[in-house]
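Below is data_9.txt, holding compact mmCIF, C-alpha atoms and all ligand atoms.
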```txt
# COMPACT_ATOMS: atom_id res chain seq x y z
CA MET A 1 155.01 -12.43 -105.63
CA LEU A 2 155.21 -9.12 -107.52
CA MET A 3 155.44 -7.40 -104.20
CA ALA A 4 158.29 -9.69 -103.08
CA HIS A 5 160.16 -8.87 -106.27
CA ALA A 6 159.78 -5.13 -105.70
CA LEU A 7 160.86 -5.36 -102.08
CA SER A 8 163.98 -7.32 -102.94
CA ARG A 9 165.16 -4.49 -105.22
CA PRO A 10 164.59 -1.25 -103.33
CA ASP A 11 166.30 0.69 -106.13
CA LEU A 12 163.58 -0.28 -108.61
CA VAL A 13 161.01 2.29 -109.60
CA SER A 14 157.82 0.41 -108.93
CA LEU A 15 154.85 1.41 -111.05
CA ALA A 16 153.27 -1.87 -109.96
CA ALA A 17 151.69 -1.70 -106.51
CA GLY A 18 148.30 0.00 -106.39
CA PHE A 19 149.07 1.54 -103.00
CA VAL A 20 148.33 5.09 -101.99
CA ASP A 21 150.99 7.76 -101.56
CA GLN A 22 152.60 7.28 -98.14
CA ALA A 23 153.42 10.98 -97.78
CA THR A 24 149.78 11.99 -98.17
CA LEU A 25 148.37 9.70 -95.48
CA PRO A 26 146.28 11.81 -93.08
CA ALA A 27 148.38 11.48 -89.91
CA ASP A 28 147.22 14.75 -88.35
CA PHE A 29 143.53 14.37 -89.08
CA THR A 30 143.60 10.81 -87.78
CA ARG A 31 145.36 11.85 -84.58
CA GLU A 32 142.85 14.64 -84.06
CA ALA A 33 139.98 12.21 -84.55
CA PHE A 34 141.51 9.76 -82.06
CA ASP A 35 142.07 12.59 -79.58
CA ALA A 36 138.48 13.75 -79.91
CA ILE A 37 137.17 10.24 -79.29
CA GLY A 38 139.60 9.70 -76.42
CA ALA A 39 138.57 12.97 -74.79
CA ASP A 40 134.98 11.83 -74.51
CA PRO A 41 134.84 9.24 -71.71
CA ASP A 42 131.58 7.77 -72.98
CA GLU A 43 132.49 7.56 -76.64
CA ILE A 44 135.91 6.02 -76.06
CA ARG A 45 134.34 3.19 -74.05
CA VAL A 46 131.64 2.61 -76.65
CA ALA A 47 134.30 2.61 -79.37
CA LEU A 48 136.47 0.13 -77.47
CA GLN A 49 133.55 -2.27 -77.07
CA TYR A 50 132.18 -4.63 -79.74
CA GLY A 51 129.90 -2.77 -82.11
CA THR A 52 127.03 -4.09 -84.17
CA THR A 53 127.79 -6.43 -87.05
CA ILE A 54 126.21 -4.14 -89.64
CA GLY A 55 128.29 -1.19 -88.46
CA TYR A 56 128.27 2.04 -86.45
CA PRO A 57 125.02 3.90 -87.21
CA PRO A 58 126.43 7.48 -87.30
CA LEU A 59 129.03 6.35 -89.85
CA ARG A 60 126.39 4.63 -91.97
CA ARG A 61 124.26 7.77 -91.81
CA LEU A 62 127.17 9.94 -92.94
CA ILE A 63 127.96 7.56 -95.80
CA LEU A 64 124.35 7.53 -96.96
CA GLN A 65 124.13 11.31 -96.82
CA ARG A 66 127.29 11.68 -98.87
CA LEU A 67 126.10 9.16 -101.41
CA LEU A 68 122.69 10.79 -101.82
CA GLU A 69 124.32 14.18 -102.26
CA ALA A 70 126.74 12.83 -104.86
CA ASP A 71 123.93 11.11 -106.74
CA GLY A 72 121.55 14.08 -106.61
CA ILE A 73 118.92 12.21 -104.59
CA PRO A 74 116.98 14.26 -102.00
CA LEU A 75 118.18 13.53 -98.47
CA ASP A 76 114.63 12.84 -97.29
CA THR A 77 114.13 10.11 -99.88
CA ASN A 78 112.36 6.96 -98.80
CA ARG A 79 114.14 4.98 -101.53
CA VAL A 80 116.89 3.86 -99.19
CA SER A 81 117.68 4.01 -95.48
CA ILE A 82 120.77 3.25 -93.43
CA ASP A 83 119.33 -0.23 -92.84
CA ARG A 84 120.73 -1.18 -96.22
CA ILE A 85 124.23 0.15 -95.54
CA ILE A 86 126.81 -2.22 -94.11
CA ILE A 87 130.35 -1.43 -92.96
CA THR A 88 133.02 -3.96 -93.88
CA ALA A 89 136.76 -4.43 -93.49
CA GLY A 90 137.59 -2.62 -96.72
CA SER A 91 135.39 -3.04 -99.76
CA ASN A 92 137.22 -6.28 -100.51
CA GLN A 93 135.39 -7.88 -97.61
CA LEU A 94 132.07 -6.58 -98.91
CA LEU A 95 132.79 -7.99 -102.36
CA PHE A 96 133.76 -11.32 -100.83
CA LEU A 97 130.74 -11.51 -98.52
CA VAL A 98 128.35 -10.73 -101.37
CA GLY A 99 129.99 -13.41 -103.49
CA ASP A 100 129.94 -15.97 -100.72
CA THR A 101 126.33 -15.26 -99.76
CA ALA A 102 124.63 -14.72 -103.09
CA PHE A 103 126.50 -17.16 -105.33
CA ASP A 104 127.26 -20.86 -105.39
CA PRO A 105 130.30 -22.64 -106.75
CA GLY A 106 129.81 -23.02 -110.49
CA ASP A 107 127.88 -19.77 -110.80
CA ILE A 108 129.01 -17.20 -113.32
CA MET A 109 130.04 -13.58 -112.84
CA ILE A 110 130.30 -11.48 -115.97
CA CYS A 111 133.35 -9.22 -115.68
CA GLY A 112 135.12 -6.77 -117.94
CA ALA A 113 138.26 -8.12 -119.59
CA PRO A 114 140.27 -6.68 -117.86
CA SER A 115 138.97 -6.39 -114.27
CA TYR A 116 140.34 -5.79 -110.76
CA PHE A 117 142.53 -8.84 -110.24
CA VAL A 118 142.00 -9.25 -106.51
CA TYR A 119 138.29 -9.61 -107.17
CA LEU A 120 139.01 -12.22 -109.83
CA GLY A 121 141.04 -14.10 -107.22
CA SER A 122 138.22 -13.83 -104.74
CA LEU A 123 135.74 -15.27 -107.25
CA GLN A 124 138.14 -18.08 -107.95
CA ASN A 125 138.34 -18.86 -104.24
CA LEU A 126 134.57 -19.05 -104.16
CA GLY A 127 134.45 -21.37 -107.17
CA VAL A 128 132.55 -18.70 -109.10
CA ARG A 129 133.46 -18.60 -112.82
CA ALA A 130 134.56 -15.15 -113.99
CA VAL A 131 133.55 -14.82 -117.63
CA GLY A 132 135.11 -11.86 -119.43
CA VAL A 133 133.57 -9.46 -121.91
CA ASP A 134 135.31 -6.82 -124.00
CA VAL A 135 135.87 -3.28 -122.83
CA ASP A 136 137.01 -0.16 -124.67
CA GLU A 137 138.38 3.15 -123.42
CA ASN A 138 134.97 3.88 -121.88
CA GLY A 139 134.76 0.64 -119.94
CA ILE A 140 132.63 -2.46 -120.29
CA LEU A 141 130.61 -2.74 -123.53
CA PRO A 142 126.91 -3.37 -122.84
CA GLU A 143 126.51 -5.05 -126.22
CA ALA A 144 129.31 -7.47 -125.32
CA VAL A 145 127.54 -8.28 -122.04
CA GLU A 146 124.31 -8.88 -123.93
CA ALA A 147 126.05 -11.10 -126.49
CA ARG A 148 127.71 -13.13 -123.72
CA LEU A 149 124.40 -13.61 -121.93
CA ALA A 150 122.75 -14.75 -125.17
CA GLU A 151 125.60 -17.21 -125.71
CA LEU A 152 125.32 -18.55 -122.16
CA ASP A 153 121.57 -18.84 -122.62
CA SER A 154 122.03 -20.89 -125.81
CA ALA A 155 124.46 -23.11 -123.93
CA GLY A 156 121.79 -23.69 -121.27
CA GLN A 157 123.82 -21.81 -118.64
CA LEU A 158 121.76 -18.68 -118.07
CA ASP A 159 120.55 -20.02 -114.75
CA ARG A 160 124.18 -20.00 -113.57
CA VAL A 161 124.69 -16.29 -114.21
CA GLY A 162 124.50 -14.51 -110.88
CA GLY A 163 125.94 -11.10 -111.59
CA ILE A 164 127.83 -8.50 -113.56
CA TYR A 165 130.83 -6.90 -111.87
CA VAL A 166 131.76 -3.41 -112.98
CA THR A 167 134.07 -0.70 -111.68
CA THR A 168 132.19 2.37 -112.82
CA TYR A 169 134.73 5.07 -111.97
CA TYR A 170 138.43 5.06 -112.97
CA ASP A 171 138.69 1.33 -113.22
CA ASN A 172 141.51 -0.79 -111.90
CA PRO A 173 143.39 -1.56 -114.17
CA ALA A 174 142.07 0.29 -117.22
CA GLY A 175 141.37 3.72 -115.70
CA THR A 176 138.05 3.86 -117.57
CA THR A 177 134.82 5.51 -116.42
CA LEU A 178 131.55 4.12 -117.63
CA PRO A 179 129.42 6.79 -119.37
CA SER A 180 125.84 7.32 -118.18
CA ASP A 181 124.22 5.65 -121.19
CA ARG A 182 126.23 2.49 -120.56
CA ARG A 183 125.24 2.53 -116.88
CA SER A 184 121.55 2.54 -117.77
CA ALA A 185 122.10 0.00 -120.56
CA LEU A 186 123.78 -2.41 -118.11
CA LEU A 187 120.98 -2.05 -115.62
CA ASP A 188 118.44 -2.67 -118.35
CA ILE A 189 120.36 -5.77 -119.45
CA ALA A 190 120.56 -7.13 -115.90
CA ARG A 191 116.81 -6.68 -115.50
CA ARG A 192 115.86 -8.15 -118.87
CA TRP A 193 118.10 -11.18 -118.48
CA SER A 194 116.95 -11.97 -114.96
CA LYS A 195 114.68 -14.58 -116.50
CA ARG A 196 115.80 -17.55 -114.47
CA ARG A 197 117.19 -15.79 -111.43
CA ARG A 198 118.18 -12.29 -110.45
CA ILE A 199 121.31 -11.00 -112.14
CA LEU A 200 122.90 -8.60 -109.67
CA ILE A 201 125.13 -5.74 -110.72
CA ILE A 202 128.07 -5.42 -108.38
CA GLU A 203 129.10 -1.80 -108.79
CA ASP A 204 132.59 -1.16 -107.43
CA ALA A 205 133.05 2.57 -106.82
CA ALA A 206 136.40 2.37 -105.03
CA TYR A 207 137.90 5.30 -106.96
CA ARG A 208 134.84 7.53 -107.40
CA GLU A 209 136.21 10.44 -105.41
CA LEU A 210 139.66 10.40 -107.00
CA ARG A 211 138.48 12.52 -109.93
CA TYR A 212 140.95 14.83 -111.66
CA GLU A 213 138.99 15.95 -114.70
CA GLY A 214 135.33 16.30 -115.72
CA GLU A 215 132.13 16.01 -113.72
CA ASP A 216 131.08 13.29 -111.31
CA LEU A 217 128.44 10.94 -112.76
CA PRO A 218 125.48 9.49 -110.87
CA SER A 219 126.26 5.96 -109.79
CA LEU A 220 124.70 3.02 -111.58
CA TRP A 221 123.14 2.13 -108.23
CA SER A 222 121.26 5.46 -108.24
CA LEU A 223 119.56 4.53 -111.53
CA ASP A 224 118.15 1.40 -109.90
CA GLU A 225 115.12 2.97 -108.19
CA THR A 226 114.17 -0.13 -106.25
CA GLY A 227 117.78 -1.00 -105.44
CA ALA A 228 116.91 -4.65 -106.03
CA HIS A 229 119.45 -5.26 -108.78
CA THR A 230 122.50 -3.46 -107.52
CA VAL A 231 125.12 -3.79 -104.82
CA LEU A 232 127.23 -0.66 -104.49
CA ALA A 233 130.68 -1.11 -102.94
CA GLY A 234 132.63 1.85 -101.57
CA THR A 235 135.75 2.38 -99.48
CA PHE A 236 137.77 4.98 -97.61
CA SER A 237 141.00 3.14 -98.44
CA LYS A 238 141.97 5.18 -101.46
CA THR A 239 140.68 8.53 -100.25
CA PHE A 240 141.69 8.43 -96.60
CA SER A 241 143.54 5.41 -95.22
CA PRO A 242 143.73 1.77 -96.27
CA GLY A 243 145.13 0.97 -92.81
CA LEU A 244 141.80 1.80 -91.18
CA ARG A 245 140.16 -0.87 -93.38
CA VAL A 246 136.79 0.84 -93.55
CA GLY A 247 134.69 -0.08 -96.56
CA TRP A 248 130.96 -0.08 -97.08
CA GLY A 249 128.18 -1.41 -99.23
CA VAL A 250 124.60 -0.59 -100.10
CA LEU A 251 122.71 -3.84 -100.43
CA PRO A 252 119.39 -4.87 -101.96
CA GLU A 253 116.94 -5.20 -99.08
CA ASP A 254 116.66 -8.99 -99.26
CA LEU A 255 120.44 -9.47 -99.05
CA VAL A 256 120.94 -7.42 -95.89
CA GLY A 257 119.88 -10.19 -93.50
CA PRO A 258 121.91 -13.01 -95.07
CA ILE A 259 125.04 -10.90 -95.57
CA VAL A 260 124.95 -9.45 -92.05
CA ALA A 261 124.42 -12.96 -90.65
CA HIS A 262 127.37 -14.23 -92.65
CA LYS A 263 129.56 -11.35 -91.52
CA GLY A 264 128.51 -12.02 -87.94
CA ASN A 265 129.77 -15.57 -88.26
CA VAL A 266 133.04 -14.33 -89.74
CA ASP A 267 134.00 -11.42 -87.47
CA PHE A 268 131.15 -9.98 -85.32
CA GLY A 269 131.55 -6.69 -87.19
CA SER A 270 134.45 -4.59 -88.39
CA PRO A 271 136.73 -2.83 -85.89
CA ASN A 272 134.48 -0.48 -83.98
CA LEU A 273 137.15 2.03 -83.02
CA ASN A 274 138.09 2.57 -86.67
CA GLN A 275 134.47 3.22 -87.53
CA HIS A 276 134.28 5.87 -84.83
CA VAL A 277 137.43 7.44 -86.22
CA MET A 278 136.02 7.48 -89.74
CA ALA A 279 132.72 8.96 -88.55
CA THR A 280 134.58 11.69 -86.65
CA VAL A 281 136.76 12.41 -89.67
CA LEU A 282 133.68 12.80 -91.86
CA ALA A 283 131.59 14.75 -89.36
CA ARG A 284 134.35 17.26 -88.61
CA GLY A 285 134.99 17.97 -92.28
CA TYR A 286 138.51 16.48 -92.14
CA TYR A 287 137.66 14.04 -94.88
CA ASP A 288 136.71 16.70 -97.42
CA ARG A 289 139.75 18.79 -96.56
CA HIS A 290 142.01 15.78 -96.97
CA LEU A 291 140.34 14.69 -100.19
CA ALA A 292 140.89 18.12 -101.75
CA LEU A 293 144.63 17.88 -101.04
CA LEU A 294 144.79 14.31 -102.23
CA VAL A 295 143.04 15.02 -105.50
CA ASP A 296 145.51 17.82 -106.23
CA THR A 297 148.45 15.53 -105.48
CA TYR A 298 147.17 12.65 -107.58
CA ARG A 299 146.05 14.91 -110.42
CA GLU A 300 149.62 16.08 -110.77
CA LYS A 301 150.85 12.49 -110.69
CA CYS A 302 148.28 11.43 -113.26
CA ASN A 303 149.19 14.32 -115.57
CA THR A 304 152.87 13.52 -115.14
CA ALA A 305 152.28 9.86 -116.01
CA LEU A 306 150.22 10.76 -119.08
CA ALA A 307 152.79 13.34 -120.21
CA ALA A 308 155.58 10.79 -119.76
CA CYS A 309 153.60 8.25 -121.79
CA GLU A 310 153.22 10.86 -124.52
CA GLU A 311 156.89 11.76 -124.47
CA TYR A 312 158.49 8.33 -124.11
CA LEU A 313 155.94 5.76 -125.25
CA GLY A 314 154.27 7.95 -127.88
CA PRO A 315 157.06 7.61 -130.45
CA LEU A 316 157.02 3.80 -130.23
CA GLN A 317 155.12 2.05 -132.99
CA GLY A 318 151.95 0.29 -131.89
CA VAL A 319 152.06 1.55 -128.29
CA ARG A 320 149.00 3.36 -126.92
CA TRP A 321 147.38 3.99 -123.58
CA TYR A 322 144.04 5.04 -122.13
CA HIS A 323 143.73 8.63 -120.98
CA SER A 324 142.90 8.23 -117.27
CA THR A 325 140.95 11.11 -115.72
CA GLY A 326 140.93 9.75 -112.16
CA GLY A 327 142.03 6.81 -110.02
CA LEU A 328 145.57 5.50 -109.80
CA TYR A 329 146.31 3.68 -113.06
CA VAL A 330 147.30 4.00 -116.69
CA TRP A 331 146.56 1.03 -118.93
CA VAL A 332 149.08 0.60 -121.72
CA GLN A 333 148.75 -1.47 -124.86
CA LEU A 334 151.84 -2.75 -126.69
CA PRO A 335 152.07 -4.34 -130.13
CA GLU A 336 150.30 -7.73 -130.19
CA HIS A 337 153.53 -9.72 -130.40
CA ILE A 338 155.03 -8.32 -127.20
CA ASP A 339 154.29 -10.57 -124.27
CA THR A 340 154.36 -8.55 -121.05
CA ALA A 341 154.06 -11.59 -118.73
CA MET A 342 156.56 -12.25 -115.95
CA GLY A 343 158.06 -15.09 -117.96
CA GLY A 344 158.03 -13.06 -121.20
CA PRO A 345 160.83 -11.07 -122.84
CA LEU A 346 159.82 -7.62 -121.56
CA PHE A 347 159.33 -8.09 -117.82
CA GLY A 348 162.92 -8.98 -116.91
CA ARG A 349 164.25 -6.39 -119.31
CA ALA A 350 162.12 -3.69 -117.66
CA ILE A 351 163.57 -4.75 -114.30
CA ASP A 352 167.08 -4.58 -115.77
CA HIS A 353 166.28 -1.03 -116.81
CA GLY A 354 165.14 -0.37 -113.25
CA MET A 355 161.32 -0.45 -113.27
CA LEU A 356 158.48 -2.77 -112.37
CA TYR A 357 154.97 -2.98 -113.84
CA VAL A 358 151.98 -5.29 -113.49
CA PRO A 359 151.60 -7.59 -116.50
CA GLY A 360 148.12 -7.07 -117.87
CA GLU A 361 147.40 -10.79 -118.16
CA HIS A 362 146.72 -10.97 -114.39
CA CYS A 363 143.69 -8.77 -114.89
CA TYR A 364 141.80 -11.09 -117.25
CA PRO A 365 139.02 -13.48 -116.35
CA SER A 366 139.98 -17.04 -117.24
CA GLU A 367 136.97 -17.56 -119.52
CA GLY A 368 135.21 -15.55 -122.19
CA ALA A 369 137.03 -12.68 -123.91
CA PRO A 370 140.63 -13.69 -124.60
CA VAL A 371 143.46 -12.86 -122.23
CA ARG A 372 145.51 -10.12 -123.83
CA LYS A 373 149.19 -10.67 -123.25
CA ASN A 374 150.35 -7.30 -124.58
CA MET A 375 148.92 -5.06 -121.84
CA ILE A 376 150.54 -3.33 -118.86
CA ARG A 377 149.11 -1.67 -115.78
CA LEU A 378 151.05 1.30 -114.49
CA SER A 379 150.23 2.74 -111.04
CA PHE A 380 151.18 6.29 -110.26
CA GLY A 381 149.94 6.48 -106.64
CA VAL A 382 153.15 5.76 -104.74
CA PRO A 383 156.15 7.05 -106.76
CA SER A 384 157.29 10.66 -106.83
CA LEU A 385 156.75 12.76 -109.96
CA ASP A 386 160.38 12.23 -110.87
CA ALA A 387 160.12 8.46 -110.33
CA ILE A 388 156.98 8.30 -112.48
CA ARG A 389 158.81 10.01 -115.32
CA ARG A 390 161.92 7.87 -114.91
CA GLY A 391 159.92 4.66 -114.60
CA ILE A 392 158.03 5.31 -117.81
CA ARG A 393 161.22 6.30 -119.61
CA MET A 394 162.86 3.03 -118.49
CA LEU A 395 159.84 1.09 -119.69
CA ALA A 396 160.02 2.84 -123.06
CA ASP A 397 163.74 2.01 -123.34
CA ALA A 398 163.02 -1.65 -122.58
CA ILE A 399 160.22 -1.78 -125.17
CA GLU A 400 162.31 -0.01 -127.78
CA GLU A 401 165.17 -2.45 -127.33
CA LEU A 402 162.81 -5.36 -127.67
CA LEU A 403 161.09 -3.94 -130.75
CA GLU A 404 164.49 -3.59 -132.42
CA GLU A 405 165.34 -7.22 -131.69
CA LEU A 406 162.06 -8.82 -132.67
C1 LIG A 501 138.67 -1.73 -107.93
C2 LIG A 501 138.96 -1.94 -106.48
N1 LIG A 501 137.97 -2.33 -105.67
C3 LIG A 501 138.16 -2.55 -104.37
C4 LIG A 501 139.40 -2.38 -103.79
C5 LIG A 501 139.51 -2.73 -102.35
O1 LIG A 501 140.02 -1.86 -101.50
P1 LIG A 501 139.74 -1.97 -99.93
O2 LIG A 501 139.45 -3.39 -99.59
O3 LIG A 501 140.97 -1.47 -99.32
O4 LIG A 501 138.54 -1.12 -99.70
C6 LIG A 501 140.49 -1.99 -104.58
C7 LIG A 501 141.84 -1.87 -104.00
O5 LIG A 501 142.82 -1.81 -104.67
C8 LIG A 501 140.25 -1.77 -105.96
O6 LIG A 501 141.25 -1.41 -106.80
```
Once you've parsed the file, please lay out its structure as structure tokens.
Ligand SMILES: Cc1ncc(COP(=O)(O)O)c(C=O)c1O
Amino acid sequence: MLMAHALSRPDLVSLAAGFVDQATLPADFTREAFDAIGADPDEIRVALQYGTTIGYPPLRRLILQRLLEADGIPLDTNRVSIDRIIITAGSNQLLFLVGDTAFDPGDIMICGAPSYFVYLGSLQNLGVRAVGVDVDENGILPEAVEARLAELDSAGQLDRVGGIYVTTYYDNPAGTTLPSDRRSALLDIARRWSKRRRILIIEDAAYRELRYEGEDLPSLWSLDETGAHTVLAGTFSKTFSPGLRVGWGVLPEDLVGPIVAHKGNVDFGSPNLNQHVMATVLARGYYDRHLALLVDTYREKCNTALAACEEYLGPLQGVRWYHSTGGLYVWVQLPEHIDTAMGGPLFGRAIDHGMLYVPGEHCYPSEGAPVRKNMIRLSFGVPSLDAIRRGIRMLADAIEELLEEL
């Protein structure tokens, strides 16, 4: 719907779609990877055949190696093997398969308010209740999760709580990164409250490698020594190509069998050729070279967006935003009385001024912490630096006009 609106007005500056920058897509590296596979008569035939449902082993090995390196875990660890790594069609498929396998309709997933809206839609499709808890500029609040669990327990619903969903790096939409102490607190909470059944943490690390400032943090998954409480979801969509649809997950041991069986019934495994391409891209060092360029490009976009917020939104009373240090989004808060919804007074006015945003209300779970109507998600991935600046200026003009009228 939002997308249709944007497409019907090509002159609009869209700060809405969370797509990646078209100009940065790795056309040359991808062609080289295809050429290398095509030049090997054995590999091309293997790649053109069905693969295994769980995914191409060399790719899973490369993913595991990268993850262990990032998390500071020795490569010869016996904590985890590639048997627990599954390749999926984007991380969305992983998130869906985990939901469909591990949860029943009527189960509860604790989510930040706000959270990634496509995941909220996916939970809704599964009949799983997304129950929101408050976040601040550092992400989900462990004490709010604890309070919500206590409340659900008092209401006799603890046995329905199946998991806690959290985007630990540069969240979509809020741009927040969960500090280390909150990661361990969440894990501790999930363990302590697994009184009736296991409460899984679904850690979504889609934006981990799009880091523009500060140090990388160990994943929440890495704090879970046994790996029994955490699913880690990753993807090459944001850092390489969403068109390849290569995502991955690290699963608790007992979920591997059921999830792979379910995936087998759905699709027999993700496109094998794309997995060979991704493995080649990683093994030849193309991925790291591309990532370095990408991070520079997006860092500049992020800084431009934040500077434009400072310049144009800063002077407006009651308007603030989170300082994103990675990812693709800036989360903006307007005065309480400004409704940013599509049917509200700001949305159409912003379009009249020439820009499009995502109303924050789409990012809220339908239960739990209240839906905040005065929030906006801005994406800076696609537009040029100039368009980012203009888009934010147009938004500021629309807000200013409205503030004068109200
Ligand atoms: C937080 C988050 N998780 C997961 C995804 C899924 O991406 P993909 O299915 O392309 O891996 C996205 C895409 O926008 C996202 O923002």
Please build the interface table for chain A against ligand LIG 501 (chain A) with a cut-off of 9 Å, listing for each qualifying residue the nearest atom pair and the distance in Å to one decimal; count only C-alpha atoms and all ligand atoms, order rows by chain and increasing number, and write it as JSON lines.
```
{"residue": "A:Gly18", "atom": "CA", "partner": "A:LIG501", "partner_atom": "O5", "distance": 6.0}
{"residue": "A:Phe19", "atom": "CA", "partner": "A:LIG501", "partner_atom": "O5", "distance": 7.3}
{"residue": "A:Thr88", "atom": "CA", "partner": "A:LIG501", "partner_atom": "O4", "distance": 8.5}
{"residue": "A:Ala89", "atom": "CA", "partner": "A:LIG501", "partner_atom": "O2", "distance": 6.7}
{"residue": "A:Gly90", "atom": "CA", "partner": "A:LIG501", "partner_atom": "O4", "distance": 3.5}
{"residue": "A:Ser91", "atom": "CA", "partner": "A:LIG501", "partner_atom": "O4", "distance": 3.7}
{"residue": "A:Asn92", "atom": "CA", "partner": "A:LIG501", "partner_atom": "O2", "distance": 3.8}
{"residue": "A:Gln93", "atom": "CA", "partner": "A:LIG501", "partner_atom": "O2", "distance": 6.4}
{"residue": "A:Leu94", "atom": "CA", "partner": "A:LIG501", "partner_atom": "O2", "distance": 8.1}
{"residue": "A:Leu95", "atom": "CA", "partner": "A:LIG501", "partner_atom": "C3", "distance": 7.9}
{"residue": "A:Ser115", "atom": "CA", "partner": "A:LIG501", "partner_atom": "C1", "distance": 7.9}
{"residue": "A:Tyr116", "atom": "CA", "partner": "A:LIG501", "partner_atom": "C1", "distance": 5.2}
{"residue": "A:Phe117", "atom": "CA", "partner": "A:LIG501", "partner_atom": "O6", "distance": 8.3}
{"residue": "A:Val118", "atom": "CA", "partner": "A:LIG501", "partner_atom": "C6", "distance": 7.7}
{"residue": "A:Tyr119", "atom": "CA", "partner": "A:LIG501", "partner_atom": "N1", "distance": 7.4}
{"residue": "A:Val166", "atom": "CA", "partner": "A:LIG501", "partner_atom": "C1", "distance": 8.7}
{"residue": "A:Thr167", "atom": "CA", "partner": "A:LIG501", "partner_atom": "C1", "distance": 6.0}
{"residue": "A:Tyr169", "atom": "CA", "partner": "A:LIG501", "partner_atom": "C1", "distance": 8.8}
{"residue": "A:Tyr170", "atom": "CA", "partner": "A:LIG501", "partner_atom": "C1", "distance": 8.5}
{"residue": "A:Asp171", "atom": "CA", "partner": "A:LIG501", "partner_atom": "C1", "distance": 6.1}
{"residue": "A:Asn172", "atom": "CA", "partner": "A:LIG501", "partner_atom": "C1", "distance": 5.0}
{"residue": "A:Pro173", "atom": "CA", "partner": "A:LIG501", "partner_atom": "O6", "distance": 7.7}
{"residue": "A:Asp204", "atom": "CA", "partner": "A:LIG501", "partner_atom": "N1", "distance": 5.8}
{"residue": "A:Ala205", "atom": "CA", "partner": "A:LIG501", "partner_atom": "N1", "distance": 7.0}
{"residue": "A:Ala206", "atom": "CA", "partner": "A:LIG501", "partner_atom": "N1", "distance": 5.0}
{"residue": "A:Tyr207", "atom": "CA", "partner": "A:LIG501", "partner_atom": "C1", "distance": 7.1}
{"residue": "A:Ala233", "atom": "CA", "partner": "A:LIG501", "partner_atom": "C3", "distance": 7.8}
{"residue": "A:Gly234", "atom": "CA", "partner": "A:LIG501", "partner_atom": "O4", "distance": 6.9}
{"residue": "A:Thr235", "atom": "CA", "partner": "A:LIG501", "partner_atom": "O4", "distance": 4.5}
{"residue": "A:Phe236", "atom": "CA", "partner": "A:LIG501", "partner_atom": "O4", "distance": 6.5}
{"residue": "A:Ser237", "atom": "CA", "partner": "A:LIG501", "partner_atom": "O3", "distance": 4.7}
{"residue": "A:Lys238", "atom": "CA", "partner": "A:LIG501", "partner_atom": "O3", "distance": 7.1}
{"residue": "A:Ser241", "atom": "CA", "partner": "A:LIG501", "partner_atom": "O3", "distance": 8.4}
{"residue": "A:Pro242", "atom": "CA", "partner": "A:LIG501", "partner_atom": "O3", "distance": 5.2}
{"residue": "A:Gly243", "atom": "CA", "partner": "A:LIG501", "partner_atom": "O3", "distance": 8.1}
{"residue": "A:Leu244", "atom": "CA", "partner": "A:LIG501", "partner_atom": "O3", "distance": 8.8}
{"residue": "A:Arg245", "atom": "CA", "partner": "A:LIG501", "partner_atom": "O3", "distance": 6.0}
{"residue": "A:Val246", "atom": "CA", "partner": "A:LIG501", "partner_atom": "O4", "distance": 6.7}
{"residue": "A:Gly247", "atom": "CA", "partner": "A:LIG501", "partner_atom": "O4", "distance": 5.1}
{"residue": "A:Trp248", "atom": "CA", "partner": "A:LIG501", "partner_atom": "O4", "distance": 8.1}
{"residue": "A:Gly327", "atom": "CA", "partner": "A:LIG501", "partner_atom": "O6", "distance": 8.9}
{"residue": "A:Leu328", "atom": "CA", "partner": "A:LIG501", "partner_atom": "O6", "distance": 8.7}
```
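Comparing A:Asp254, A:Glu310, A:Glu43, A:Asp134 by their smallest distance to Thr226 in chain A, the closest is A:Asp254 (using all atoms listed in the file).
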task = For range 136-139 of chain A, list every protein, DNA or RNA residue within 6 Å, evaluated using only C-alpha atoms, and leave out those in the same chain fewer than 5 positions away; present the list as a ChimeraX atom specification.
result = /A:176-178
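Considering only C-alpha atoms, the residue among A:Thr30, A:Ser384, A:Gln124, A:Thr101 positioned nearest to Glu367 in chain A is A:Gln124.
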task = Identify, on the basis of only C-alpha atoms, every residue whose closest approach to Glu404 in chain A does not exceed 12 Å; exclude the query and any residue fewer than 5 positions from it along the same chain; express the result as JSON, numbers by chain.
result = {"A": [316, 317, 338, 397, 398, 399]}
Emit the selected residues as an mmCIF file, in the coordinates of the input, including C-alpha atoms.
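Resulting contents of part.cif:
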```cif
data_model
loop_
_atom_site.group_PDB
_atom_site.id
_atom_site.type_symbol
_atom_site.label_atom_id
_atom_site.label_comp_id
_atom_site.auth_asym_id
_atom_site.auth_seq_id
_atom_site.Cartn_x
_atom_site.Cartn_y
_atom_site.Cartn_z
ATOM 1 C CA LEU A 316 157.020 3.800 -130.230
ATOM 2 C CA GLN A 317 155.120 2.050 -132.990
ATOM 3 C CA ILE A 338 155.030 -8.320 -127.200
ATOM 4 C CA ASP A 397 163.740 2.010 -123.340
ATOM 5 C CA ALA A 398 163.020 -1.650 -122.580
ATOM 6 C CA ILE A 399 160.220 -1.780 -125.170
#
```
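CA of Leu187 in chain A is found 21.5 Å from CA of Leu123 in chain A.
Between CA of Ile87 in chain A and CA of Val250 in chain A lies a distance of 9.2 Å.
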query = Do you have the CA of Thr280 in chain A-CA of Ile73 in chain A distance handy?
reply = 23.8 Å
query = For Glu405 in chain A, which residue out of A:Leu378, A:Leu12, A:Leu346, A:Ile164 is the nearest one, using all atoms listed in the file?
reply = A:Leu346
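Of the residues listed (A:His323, A:Arg393, A:Arg196, A:Arg372), A:Arg393 shows the shortest atom-to-atom separation from Ala350 in chain A; distances use all atoms listed in the file.
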